[in-house]
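Undergrad: Pasting a structure here, questions to come.
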Amino acid sequence: MSERRNRKVVPLGLFAIVCAGALVAALTGATAPLSAARFALSGHWVFNSDLGLAFHVNGATTDIDAQVAVAGERGSQVVQGESNAYVVGPRSITEFNTATHEAGAAIAPPADEMPVGVEAVGGPYLVYRNAGKVVRLGAAPVTVSTGGPVGDPVVTSNGTLWLHRTGSGAICALAPGATELSSCPVSAPKDHAGALTVIGDKPVFVDLFTGLAHTADGDTLGAGAPLGVPVSPNSRAARHDVDGRVAIFDPERHSVVLADLSATPAKPVTIVVPGGEYDGPVSTGSAVVLVERQHGTVLSFGADGSRKATRSVKRTGGQPRLTRGEDKRVYVEDAAGTQIVVVGTDGSLRDAPVRPRSTPQPTTVAVPDPRAETPPTQTSEEPARPPGAPAAVSAVAGDGAATVSWGPPPADDRAPISSYRVSWRGASGAGGSLVVSGGARQTAINGLVNGVRYVITVAAVNRAGAGPGVAAPGVTPVSAAAAPVPNVKYFNGSAVLTWAGTDLRGGTLVHYLVTATGFPDRTVTTDGTVYSGLASGRTVTFTVRAVTTTAGRTLTGAPGSTSFTVPGPSIAISRGRATTSDRCHAPDCAFVNATFTGLAPNTQYGAQLSSTSTTNVVTEDFTTDANGSATYNKLNYDVPGETVWVSVATPSGRVSSNRIYWEPR
C-alpha cells in the first residue's frame with residue numbers, strides 16, 4: 001500500500017492550532033468575551049443531498065476524512081464553527097457536532113432566501129442580504145437586524161463583520177459576540193452601486209459609479225484611490241485582496257480587473273475571460289478564482305494575470321458554489337455536493353470526489369443463463385429534466401423595492417422544484433439575484449433605486465438544473481412625497497392653515513389632500529387654505545398629504561398633521577394708573593385695565609365691573625375688533641379692601657375675569 005493509503009484518519013483532528021493576536025474586547029450587550037487564541041478551521045464541509053451525508057474535505061490532501069449523516073435540502077451549503085457545523089438551505093438550518101458526528105436540532109431561518117455563509121472568529125455567520133438579517137450561529141444563535149438590505153459581507157482578522165447597506169450607503173460593523181450592530185462609522189454615497197473588500201486588514205468600499213476605492217479607517221472614509229480602468233455598476237469585487245490588489249469581475253466586459261490601490265500604484269491588470277455567466281471572484285490571497293455557471297468551468301489566475309489552471313465541475317442540477325475557507329483555499333462544489341475542486345493558495349486545482357467511506361465489499365458478477373431465450377433486460381431510471389417556465393410572473397414596484405409573484409411550472413413528470421432563482425437588472429446596469437425555496441410563490445426585493453426601471457426574472461430549479469427564466473413586465477420603484485409641515489394661525493374668527501417643507505422626492509405635484517375634523521376633505525394646489533365658522537373651544541386636527549405622479553403612477557405622500565383648539569372667551573384685568581372722577585375719589589381711585597379675547601368679532605359688549613359688596617358697580621360698552629379682541633381701560637374703582645372683577649354676557653353664558661384685591665394707597 002502507498003504511504004497515503006496507510007495514513008490514519010482521525011476525525012477529531014480536523015483543525016490545526018494557530019496563534020492569533022488579541023481580539024477586540026466584547027462590546028456592551030455582547031456575550032461572554034471570546035478567547036484570545038483559537039483553532040483555525042481547516043478544510044471544508046460539503047453536503048451531499050443524494051446520500052444525506054455531510055463530508056469533510058481535507059484541503060491539504062483532498063482526502064475525505066470525516067462524514068456525518070444529517071438532513072438537509074438539496075443545494076444546501078455547510079458552514080463550520082469551532083465545534084459544530086451547520087447544513088444551511090433556504091428553509092432549514094441543521095446543526096451537527098464535528099467531533100462526535102451527532103446531528104442536532106434544526107433552526108428556523110429568519111428569511112426564505114439562501115444566505116451568504118461567513119466562517120470567522122465569533123461566528124460562523126449567515127447573512128440574509130435581501131432581508132437585512134445576520135444570524136450568528138453557536139450555542140445560542142442570535143439574529144441581528146442590519147436595518148435594511150446589505151451587499152456581500154466582509155470580515156477582518158479580529159472577527160468583525162462589515163456590512164454595506166445598499167440603500168442608505170452606511171457601512172456598519174458587527175463585533176464578535178455582539179447582539180446588535182456595533183456602529184455604522186462611515187457612509188458611502190447613497191444609492192451608489194458598490195462592494196466591500198478587505199485590503200491590509202481594513203474594509204474598503206469600491207464605488208462602482210465613480211471607479212474609486214475608499215478605505216474605512218476608524219470613523220473616516222478615505223478620499224478614494226482610482227481603479228485605473230472603467231468598470232460597470234454591475235461589477236463584483238472579491239472579499240479579500242490578491243497580493244494587495246483588489247479583484248473586480250465586470251460581467252459586461254467579461255473581464256477581471258486587478259487594481260493596485262497603493263500610494264504608488266502599479267498598472268492595473270485586466271484579464272479577459274470567455275463569454276458566459278460567472279460566479280466570483282474569490283481570492284485565495286495569491287490567486288483569483290471564477291466559475292462559469294453553465295458549464296461548471298473553474299478558472300484561476302495569478303496576481304499578474306497569468307492563468308493558473310482550469311477544471312470542470314460536474315453539472316448535477318443547480319449552480320456550482322464557491323467558498324473560501326479559513327485556510328484561504330477556495331472550494332468549488334457542484335450543486336448536489338458530489339464533487340469538490342480544491343483551489344490551493346497558489347491557484348492550483350485538484351479534484352476531491354465526494355464518496356462515502358465504507359468497507360470494500362466482494363464484487364458479484366451475474367452470469368447469464370445460457371438456457372434463457374433472451375438476455376436479461378437492463379433498466380435504468382430516465383434522467384431528470386430541468387423544470388419548465390414559471391407561470392404568471394408579475395411584479396409590483398414600491399418605495400425602493402419591488403414584490404415579484406409567480407406560479408409553478410406546468411405539472412409533468414419532471415423532478416420536483418427545489419428552489420426558484422429570482423434575478424433583477426436595472427436600466428443603470430446594476431442588478432442582483434436571490435434564491436428562495438421551491439414552495440415560495442412571492443418574494444420582496446429591497447434596496448432598489450427609485451426612478452430606475454428594473455426587469456425581474458424568475459427561473460425554477462430542480463435536481464437537473466435551472467429551467468427557462470420568465471421576466472415580469474418592467475417596474476420602476478418610486479417614492480411618495482414626504483410629509484408636509486402644517487401650521488395654524490387664528491385670525492378674524494377663522495383658522496388659517498399653511499404648510500411648508502414638502503419634499504416631492506422627484507414627483508410632480510397633482511394637488512394637496514387636506515382633511516380637518518368635522519369638515520369635508522379638500523384638494524388644493526396652493527400651500528394653504530382657510531377654515532371658518534369654528535366654535536370657541538373646539539379642537540380640530542388638520543392633516544395634509546401631497547399627491548404626486550411619478551413614472552406614470554399617482555402616489556399619496558406621507559401625512560403631516562397638527563391640532564388646533566379655537567380660543568374661547570377670556571378676560572384679564574389689572575390695576576392701572578391713579579385717577580379721579582365725580583364717583584371715584586383719591587387717593588384709592590385707579591383705572592381697571594381689561595383685555596378681552598375670544599369674543600365674536602366686531603361685536604359690542606357690556607363690560608360689567610363687580611366687587612365683593614356690589615354686583616354691578618358700573619357697566620360700560622366696548623366693541624371687539626376683527627379677531628374678537630379688545631382692550632378697555634376706562635373702568636375705575638376706589639374702595640380699599642374689596643375684591644373686584646370684570647365680566648361680559650355671551651350667548652353661551654357670562655364670562656368672568658381674574659379677581660384682584662384693591663389695596664389702599
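How things are named: the first chain in the C-alpha cells is A, the next is B, and so on; residues count from 1 in each chain; ligands count from 1 in the order shown.
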Do you know which residues are at most 10 Å from Ala247 in chain A counting only C-alpha atoms, after dropping those on the same chain fewer than 4 positions away, and could you put them as a ChimeraX atom specification?
TA: /A:197,236-243,256-260,269-270,280-283,287-289,303
Undergrad: Those selected residues, please, written with N, CA, C and O atoms and delivered as a JSON list (two decimals), in the first residue's frame.
TA:
[["chain", "number", "residue", "atom", "x", "y", "z"],
["A", 197, "THR", "N", -14.53, 45.05, 0.21],
["A", 197, "THR", "CA", -13.44, 44.10, 0.18],
["A", 197, "THR", "C", -12.54, 44.42, 1.36],
["A", 197, "THR", "O", -12.77, 45.40, 2.08],
["A", 236, "ARG", "N", -18.54, 43.01, -9.60],
["A", 236, "ARG", "CA", -18.44, 42.41, -8.27],
["A", 236, "ARG", "C", -16.98, 42.38, -7.83],
["A", 236, "ARG", "O", -16.09, 42.13, -8.65],
["A", 237, "ALA", "N", -16.75, 42.62, -6.54],
["A", 237, "ALA", "CA", -15.39, 42.62, -6.00],
["A", 237, "ALA", "C", -15.18, 41.39, -5.13],
["A", 237, "ALA", "O", -16.09, 40.96, -4.41],
["A", 238, "ALA", "N", -13.98, 40.81, -5.19],
["A", 238, "ALA", "CA", -13.63, 39.73, -4.27],
["A", 238, "ALA", "C", -13.57, 40.30, -2.86],
["A", 238, "ALA", "O", -13.22, 41.46, -2.65],
["A", 239, "ARG", "N", -13.90, 39.46, -1.87],
["A", 239, "ARG", "CA", -13.95, 39.95, -0.49],
["A", 239, "ARG", "C", -12.58, 40.02, 0.18],
["A", 239, "ARG", "O", -12.47, 40.51, 1.30],
["A", 240, "HIS", "N", -11.55, 39.53, -0.50],
["A", 240, "HIS", "CA", -10.18, 39.60, 0.02],
["A", 240, "HIS", "C", -9.26, 40.05, -1.12],
["A", 240, "HIS", "O", -9.55, 39.82, -2.30],
["A", 241, "ASP", "N", -8.16, 40.67, -0.78],
["A", 241, "ASP", "CA", -7.23, 41.16, -1.81],
["A", 241, "ASP", "C", -6.44, 39.99, -2.40],
["A", 241, "ASP", "O", -6.36, 38.90, -1.84],
["A", 242, "VAL", "N", -5.85, 40.25, -3.56],
["A", 242, "VAL", "CA", -4.97, 39.30, -4.25],
["A", 242, "VAL", "C", -3.58, 39.94, -4.28],
["A", 242, "VAL", "O", -3.31, 40.84, -5.08],
["A", 243, "ASP", "N", -2.72, 39.53, -3.34],
["A", 243, "ASP", "CA", -1.39, 40.14, -3.20],
["A", 243, "ASP", "C", -1.48, 41.67, -3.15],
["A", 243, "ASP", "O", -0.72, 42.38, -3.82],
["A", 256, "VAL", "N", -11.70, 40.43, -15.63],
["A", 256, "VAL", "CA", -11.32, 40.59, -14.23],
["A", 256, "VAL", "C", -10.26, 41.67, -14.17],
["A", 256, "VAL", "O", -9.26, 41.63, -14.90],
["A", 257, "VAL", "N", -10.48, 42.66, -13.30],
["A", 257, "VAL", "CA", -9.53, 43.75, -13.11],
["A", 257, "VAL", "C", -8.83, 43.54, -11.78],
["A", 257, "VAL", "O", -9.48, 43.33, -10.75],
["A", 258, "LEU", "N", -7.51, 43.59, -11.79],
["A", 258, "LEU", "CA", -6.71, 43.54, -10.57],
["A", 258, "LEU", "C", -6.06, 44.91, -10.40],
["A", 258, "LEU", "O", -5.12, 45.26, -11.13],
["A", 259, "ALA", "N", -6.62, 45.71, -9.47],
["A", 259, "ALA", "CA", -6.21, 47.11, -9.34],
["A", 259, "ALA", "C", -5.34, 47.28, -8.10],
["A", 259, "ALA", "O", -5.67, 46.80, -7.01],
["A", 260, "ASP", "N", -4.25, 48.02, -8.27],
["A", 260, "ASP", "CA", -3.32, 48.33, -7.19],
["A", 260, "ASP", "C", -3.76, 49.67, -6.57],
["A", 260, "ASP", "O", -3.81, 50.69, -7.27],
["A", 269, "VAL", "N", -4.11, 45.29, -13.93],
["A", 269, "VAL", "CA", -4.09, 44.11, -14.80],
["A", 269, "VAL", "C", -5.52, 43.79, -15.19],
["A", 269, "VAL", "O", -6.41, 43.73, -14.34],
["A", 270, "THR", "N", -5.76, 43.58, -16.48],
["A", 270, "THR", "CA", -7.09, 43.21, -16.97],
["A", 270, "THR", "C", -7.01, 41.83, -17.61],
["A", 270, "THR", "O", -6.19, 41.60, -18.51],
["A", 280, "GLY", "N", -18.24, 34.55, -8.62],
["A", 280, "GLY", "CA", -16.95, 35.02, -8.17],
["A", 280, "GLY", "C", -16.83, 36.50, -8.47],
["A", 280, "GLY", "O", -17.82, 37.15, -8.84],
["A", 281, "PRO", "N", -15.67, 37.07, -8.29],
["A", 281, "PRO", "CA", -14.38, 36.42, -7.99],
["A", 281, "PRO", "C", -14.21, 36.13, -6.51],
["A", 281, "PRO", "O", -14.79, 36.78, -5.67],
["A", 282, "VAL", "N", -13.39, 35.09, -6.23],
["A", 282, "VAL", "CA", -13.00, 34.75, -4.86],
["A", 282, "VAL", "C", -11.48, 34.67, -4.83],
["A", 282, "VAL", "O", -10.86, 34.13, -5.75],
["A", 283, "SER", "N", -10.88, 35.23, -3.78],
["A", 283, "SER", "CA", -9.43, 35.30, -3.69],
["A", 283, "SER", "C", -8.89, 34.27, -2.70],
["A", 283, "SER", "O", -9.47, 34.07, -1.62],
["A", 287, "ALA", "N", -4.18, 34.19, -5.57],
["A", 287, "ALA", "CA", -4.83, 33.88, -6.85],
["A", 287, "ALA", "C", -6.28, 34.28, -6.77],
["A", 287, "ALA", "O", -6.85, 34.44, -5.68],
["A", 288, "VAL", "N", -6.91, 34.46, -7.95],
["A", 288, "VAL", "CA", -8.32, 34.80, -8.02],
["A", 288, "VAL", "C", -9.04, 33.70, -8.79],
["A", 288, "VAL", "O", -8.50, 33.16, -9.77],
["A", 289, "VAL", "N", -10.27, 33.36, -8.34],
["A", 289, "VAL", "CA", -10.98, 32.19, -8.86],
["A", 289, "VAL", "C", -12.35, 32.62, -9.37],
["A", 289, "VAL", "O", -13.05, 33.41, -8.72],
["A", 303, "ALA", "N", -1.85, 36.97, -9.49],
["A", 303, "ALA", "CA", -1.96, 38.41, -9.31],
["A", 303, "ALA", "C", -1.41, 39.17, -10.52],
["A", 303, "ALA", "O", -1.76, 40.34, -10.72]]
Undergrad: So that each row is one residue of range 511-580 of chain A with an atom at most 6 Å from range 465-484 of chain A, can you give its shortest atom pair and the distance in Å to one decimal, using only C-alpha atoms, rows by chain and rising number, as JSON lines?
TA:
{"residue": "A:Leu555", "atom": "CA", "partner": "A:Ala480", "partner_atom": "CA", "distance": 5.6}
{"residue": "A:Gly557", "atom": "CA", "partner": "A:Ala481", "partner_atom": "CA", "distance": 4.3}
{"residue": "A:Ala558", "atom": "CA", "partner": "A:Ala483", "partner_atom": "CA", "distance": 4.6}
{"residue": "A:Pro559", "atom": "CA", "partner": "A:Ala483", "partner_atom": "CA", "distance": 5.0}
{"residue": "A:Gly560", "atom": "CA", "partner": "A:Ala483", "partner_atom": "CA", "distance": 4.8}
Undergrad: How would the residues just chosen look if you wrote them out with C-alpha atoms as a PDB file, in the first residue's frame?
TA:
ATOM      1  CA  LEU A 555     -48.884  58.395  -5.233  1.00  0.00           C
ATOM      2  CA  GLY A 557     -47.468  61.016   0.238  1.00  0.00           C
ATOM      3  CA  ALA A 558     -46.861  60.751   3.949  1.00  0.00           C
ATOM      4  CA  PRO A 559     -49.225  62.707   6.231  1.00  0.00           C
ATOM      5  CA  GLY A 560     -48.257  65.825   8.151  1.00  0.00           C
TER       6      GLY A 560
END
Undergrad: Distance CA of Thr624 in chain A-CA of Pro601 in chain A, one decimal place?
TA: 5.6 Å
Undergrad: I want to know what sits within 12 Å of Gly451 in chain A, based on only C-alpha atoms, with residues of the same chain fewer than 2 positions away left out; could you give that as number ranges by chain?
TA: A: 191, 397-401, 426-428, 448-449, 453-454, 475-480, 505-507, 549-553
Undergrad: Can you write just those residues out, N, CA, C and O atoms, as a compact mmCIF listing (two decimals), in the first residue's frame?
TA:
# COMPACT_ATOMS: atom_id res chain seq x y z
N ASP A 191 -27.16 55.31 -2.59
CA ASP A 191 -27.62 54.73 -3.85
C ASP A 191 -26.50 54.49 -4.85
O ASP A 191 -26.77 54.23 -6.02
N ALA A 397 -44.00 47.53 -8.12
CA ALA A 397 -42.96 48.38 -7.56
C ALA A 397 -43.42 49.04 -6.27
O ALA A 397 -44.62 49.29 -6.07
N GLY A 398 -42.49 49.30 -5.39
CA GLY A 398 -42.75 50.03 -4.16
C GLY A 398 -41.73 51.14 -3.99
O GLY A 398 -41.09 51.57 -4.95
N ASP A 399 -41.54 51.57 -2.77
CA ASP A 399 -40.57 52.61 -2.45
C ASP A 399 -39.21 51.95 -2.25
O ASP A 399 -38.95 51.33 -1.23
N GLY A 400 -38.33 52.05 -3.26
CA GLY A 400 -37.02 51.42 -3.18
C GLY A 400 -37.09 49.91 -3.17
O GLY A 400 -36.15 49.25 -2.71
N ALA A 401 -38.18 49.35 -3.65
CA ALA A 401 -38.37 47.90 -3.58
C ALA A 401 -39.34 47.45 -4.66
O ALA A 401 -39.94 48.26 -5.38
N GLY A 426 -31.31 46.53 -13.47
CA GLY A 426 -31.85 47.85 -13.70
C GLY A 426 -31.33 48.47 -14.97
O GLY A 426 -30.33 48.02 -15.56
N ALA A 427 -32.00 49.53 -15.40
CA ALA A 427 -31.56 50.23 -16.61
C ALA A 427 -30.17 50.81 -16.45
O ALA A 427 -29.45 51.03 -17.43
N SER A 428 -29.75 51.04 -15.18
CA SER A 428 -28.41 51.56 -14.92
C SER A 428 -27.35 50.48 -15.03
O SER A 428 -26.15 50.78 -14.99
N LEU A 448 -33.58 48.66 -3.99
CA LEU A 448 -33.56 49.14 -5.37
C LEU A 448 -33.51 50.67 -5.37
O LEU A 448 -33.79 51.32 -4.37
N VAL A 449 -33.14 51.22 -6.50
CA VAL A 449 -33.01 52.68 -6.63
C VAL A 449 -34.28 53.25 -7.23
O VAL A 449 -34.73 52.81 -8.30
N ARG A 453 -35.75 51.79 -13.86
CA ARG A 453 -36.60 50.69 -14.31
C ARG A 453 -35.86 49.37 -14.17
O ARG A 453 -34.69 49.25 -14.59
N TYR A 454 -36.53 48.36 -13.59
CA TYR A 454 -35.93 47.05 -13.38
C TYR A 454 -36.74 45.97 -14.09
O TYR A 454 -37.97 46.03 -14.14
N VAL A 475 -40.64 47.22 -14.00
CA VAL A 475 -41.23 48.06 -12.96
C VAL A 475 -40.21 49.11 -12.55
O VAL A 475 -39.00 48.90 -12.64
N THR A 476 -40.71 50.25 -12.09
CA THR A 476 -39.86 51.35 -11.66
C THR A 476 -40.21 51.72 -10.23
O THR A 476 -41.27 52.28 -9.97
N PRO A 477 -39.37 51.40 -9.27
CA PRO A 477 -39.64 51.82 -7.89
C PRO A 477 -39.69 53.35 -7.80
O PRO A 477 -38.90 54.05 -8.43
N VAL A 478 -40.62 53.83 -7.05
CA VAL A 478 -40.78 55.27 -6.87
C VAL A 478 -41.05 55.56 -5.41
O VAL A 478 -41.45 54.69 -4.64
N SER A 479 -40.85 56.81 -5.05
CA SER A 479 -41.05 57.22 -3.67
C SER A 479 -42.15 58.26 -3.59
O SER A 479 -42.16 59.22 -4.37
N ALA A 480 -43.08 58.08 -2.68
CA ALA A 480 -44.10 59.08 -2.45
C ALA A 480 -43.49 60.29 -1.75
O ALA A 480 -42.40 60.23 -1.18
N ARG A 505 -39.81 64.43 -3.66
CA ARG A 505 -38.98 63.27 -3.96
C ARG A 505 -39.02 62.90 -5.43
O ARG A 505 -39.18 61.72 -5.80
N GLY A 506 -38.87 63.89 -6.25
CA GLY A 506 -38.79 63.66 -7.68
C GLY A 506 -40.10 63.57 -8.41
O GLY A 506 -40.14 63.49 -9.64
N GLY A 507 -41.23 63.61 -7.68
CA GLY A 507 -42.53 63.53 -8.32
C GLY A 507 -43.04 64.90 -8.76
O GLY A 507 -42.46 65.94 -8.43
N THR A 549 -47.37 62.50 -9.14
CA THR A 549 -47.24 61.48 -10.19
C THR A 549 -45.77 61.25 -10.45
O THR A 549 -44.98 62.20 -10.55
N THR A 550 -45.39 59.96 -10.54
CA THR A 550 -44.01 59.58 -10.83
C THR A 550 -44.05 58.34 -11.70
O THR A 550 -44.70 57.36 -11.34
N ALA A 551 -43.35 58.40 -12.82
CA ALA A 551 -43.27 57.26 -13.74
C ALA A 551 -44.66 56.72 -14.08
O ALA A 551 -44.88 55.51 -14.14
N GLY A 552 -45.63 57.62 -14.28
CA GLY A 552 -46.97 57.22 -14.67
C GLY A 552 -47.84 56.74 -13.54
O GLY A 552 -48.98 56.32 -13.76
N ARG A 553 -47.35 56.78 -12.29
CA ARG A 553 -48.13 56.33 -11.15
C ARG A 553 -48.50 57.52 -10.27
O ARG A 553 -47.71 58.45 -10.11
Undergrad: Looking at only C-alpha atoms, which of A:Thr146, A:Ser76, A:Thr179, A:Asn633 is the one that sits closest to Val592 in chain A?
TA: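 Result for the nearest residue to Val592 in chain A: A:Asn633.
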Undergrad: Under the rule that only C-alpha atoms are counted, which of A:Thr580, A:Ser145, A:Asn158, A:Ser536 is the nearest residue to Lys202 in chain A?
TA: A:Asn158
Undergrad: Counting only C-alpha atoms, figure out which residue out of A:Ala572, A:Val341, A:Leu261, A:Ala516 gets nearest to Arg321 in chain A.
TA: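 Between A:Ala572, A:Val341, A:Leu261, A:Ala516, the residue approaching Arg321 in chain A most closely is A:Val341.
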Undergrad: Please identify which residues in range 479-575 of chain A DSSP calls strand (DSSP E or B) from the backbone, and express them as a ChimeraX atom specification.
TA: /A:485-491,494-500,508-516,519-524,528-531,539-550,553-556,560-565,570-575
Undergrad: As an NGL selection string, please: the residues near Pro230 in chain A (cut-off 12 Å, only C-alpha atoms, same-chain neighbours under 3 positions excluded).
TA: :A and (207-212 or 226-227 or 233-235 or 248-250 or 252-253 or 255-257 or 259 or 268 or 270)
